[in-house]
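Asks: Before we start, here is the structure in question, set down as structure tokens.
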Amino acid sequence: MSGSARKAALTCLLAVVEEDAYANLAMAQIVRSAGLSTRDAAFATELAYGSLRMSGFYDEVISRASGRDAWSLEAVVRAVLWIGAHQSLSMNTPPHAAVSETVALAKEAGAERASGLVNAVMRRITERTPEAWVALVAPGNSRESLAIRTSHPDWIVGELDRTLSARGRSGELEALLESHNAPASVTLAARPGIIDRDALASATGGTATSLSPYGVTLAGGSPGAIDAVKDGRAGVQDEGSQLVAAALASPAARVASVGERWLDACAGPGGKTAILGGIADQCGARVDALELHPHRASLVKDNVRALPLGVVDVHVGDATTWQGGPYDRILVDAPCTGLGALRRRPEARWRRSPEDLTDLTVLQASILAHAATLLAPGGVIAYVTCSPVLAETRDIVAVSGLHQLDARAAFAEVTGTSTDDWGQGPDVQLWTHVHGTDSMYLALLTRAEEGA
């Protein structure tokens, strides 16, 4: 692979580390600016994303190999060594190539003074197999060792461990953490009523998803080049995200009647809105899509552009104060830590903190409480997070005072499965290591007196 791809990966890492950039946005711009071929773009993306995901583990390796704390290294040198470690330990690059290419990258990046250090560290790294490095820096089965070898902050490991145990999945922690380090496939959502899922699969060479009736998984390539994506008939969307939106719109949640009003309370970027809008159009309902941030509201408008005019109205507004009700169905896709989508956001695990969790739970509870005041008699709220953490899921529902419907029935209806396939209920928790989706959470709620 070309040196341009490695340089692109390094540019992305430095943008994330030094400028707090989002890796996916930075890499897309870097690839365009560099004019990389499809092959080189894929290589650069793997180098950057893989290095970011595994940087916690690589820092331990680099510290041992260099005899100094990896955090004490200049940012560019540390990032160069992440790339070198990733090639050596995760991409099976031959030792001599991993050393020489990493040294060359350091020089090209203006860190020539550190090239001797980079050379020495890379030689030590390539002396051991990945298994030998794991045994050295993360021995045994302690939570600390598990956090290091799967490259997760210790507090996240603790939260996920508690959540798995509470949901009857003790013993699955390592499998879940490892699933965050496997790149996610690109999945498209066929907009309901706009394009047939099988037609989309045929046109793209993709494969129909096993759970979502709208999903198509791509084998590769750029989704932005697909005609149906370009004109808004389909969009890139995780299968789990498709399912929680479809579950709210299902007859199992509430039998539809013409003239229903639906609200997507935290709509940006609009993938779930497009699913809801497509289904709403088919059953004579209308959707208000509410988004606090104007730039994200623009993304919602773009995502629903293929739907008939008037089916979805996009508003810029605050979900804690909106007064547009009453609504028959409300989707509260609450702002959350995103710990259920770590495989898609390589830098996210290093940016979140326990303090974020505390702040977000206050916001989640506030949004859900206000949504309840907008609910029409007999209406249903779907409380959704892209996080499985108990504090953001079951704990929020428990203090809401709302009555839980059996979300498993809605999932079974949408997926063509059995209610028993979705746990003990009444809520549903998807898991990346089990279902191959982001770890989405869904609770279907109604007013307590109506659910009694």
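Identifiers for the structure tokens are assigned positionally: chains receive A, B, ... in sequence, residues are indexed from 1 per chain, and ligands are indexed from 1 in the order shown.
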Got a sec to tell me which of region 179-262 of chain A DSSP assigns to strand (DSSP E or B), as a list in words?
Replies: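 Selection result, strand (DSSP E or B) within region 179-262 of chain A: Thr187, Leu188, Ala189, Ala190, Thr207, Ala208, Gly215, Val216, Thr217, Ala234, Gly235, Val236, Arg261 and Trp262 of chain A.
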Asks: Restricting the output to N, CA and C atoms, write the selected residues as a compact mmCIF listing (two decimals), in the first residue's frame.
Replies:
# COMPACT_ATOMS: atom_id res chain seq x y z
N THR A 187 -24.58 -0.88 6.37
CA THR A 187 -25.96 -1.33 6.20
C THR A 187 -26.82 -0.18 5.69
N LEU A 188 -27.62 -0.46 4.69
CA LEU A 188 -28.55 0.51 4.15
C LEU A 188 -29.95 0.23 4.68
N ALA A 189 -30.76 1.28 4.74
CA ALA A 189 -32.18 1.14 5.05
C ALA A 189 -32.98 1.57 3.83
N ALA A 190 -33.81 0.67 3.33
CA ALA A 190 -34.73 1.02 2.25
C ALA A 190 -35.90 1.80 2.85
N THR A 207 -26.89 -7.83 0.66
CA THR A 207 -27.62 -8.95 1.24
C THR A 207 -28.68 -8.44 2.20
N ALA A 208 -29.88 -8.97 2.08
CA ALA A 208 -30.95 -8.58 2.99
C ALA A 208 -30.58 -8.93 4.43
N GLY A 215 -33.50 -3.59 5.81
CA GLY A 215 -32.05 -3.51 5.78
C GLY A 215 -31.38 -4.29 4.67
N VAL A 216 -30.27 -3.74 4.17
CA VAL A 216 -29.42 -4.38 3.17
C VAL A 216 -27.97 -4.15 3.59
N THR A 217 -27.22 -5.22 3.75
CA THR A 217 -25.81 -5.13 4.11
C THR A 217 -24.97 -5.17 2.86
N ALA A 234 -32.95 5.52 -0.07
CA ALA A 234 -32.31 4.66 0.93
C ALA A 234 -31.26 5.49 1.66
N GLY A 235 -30.84 5.01 2.81
CA GLY A 235 -29.82 5.71 3.57
C GLY A 235 -28.99 4.73 4.37
N VAL A 236 -27.82 5.16 4.78
CA VAL A 236 -26.96 4.34 5.62
C VAL A 236 -27.52 4.36 7.04
N ARG A 261 -50.94 11.52 14.75
CA ARG A 261 -49.81 12.45 14.77
C ARG A 261 -48.67 11.79 15.54
N TRP A 262 -47.49 11.80 14.93
CA TRP A 262 -46.32 11.20 15.53
C TRP A 262 -45.24 12.27 15.74
Asks: What's around Arg329 (chain A) at 9 Å? Count only C-alpha atoms, leave out sequence neighbours fewer than 4 positions away in its own chain, and write the answer as a count of residues only.
Replies: 14
Asks: Nearest to Ala147 (chain A): which of A:Ser55, A:Thr361, A:Ser366, A:Ser257 is it, counting only C-alpha atoms?
Replies: A:Ser55
Asks: Write out as a ChimeraX atom specification which residues come within 12 Å of Arg128 (chain A) when counting only C-alpha atoms, dropping same-chain ones fewer than 3 positions away.
Replies: /A:61,64-65,85,88-89,95,121-125,131-137
Asks: Have a look at A:Phe43, A:Glu392, A:Glu449, A:Val399 and name the one nearest to Thr163 (chain A); count only C-alpha atoms.
Replies: A:Glu392
Asks: Quick one: everything within 8 Å of region 173-186 of chain A, counting only C-alpha atoms, minus sequence neighbours fewer than 5 positions away in the same chain. Send it as a list in words.
Replies: Gly50, Arg53, Met54, Leu146, Thr150, His152, Val157, Leu160, Asp161, Leu164, Thr217, Leu218, Ala219, Gly220, Pro223, Val236, Gln237, Asp238, Ala341, Leu342, Arg343, Arg344, Trp431, Thr432 and His433 of chain A
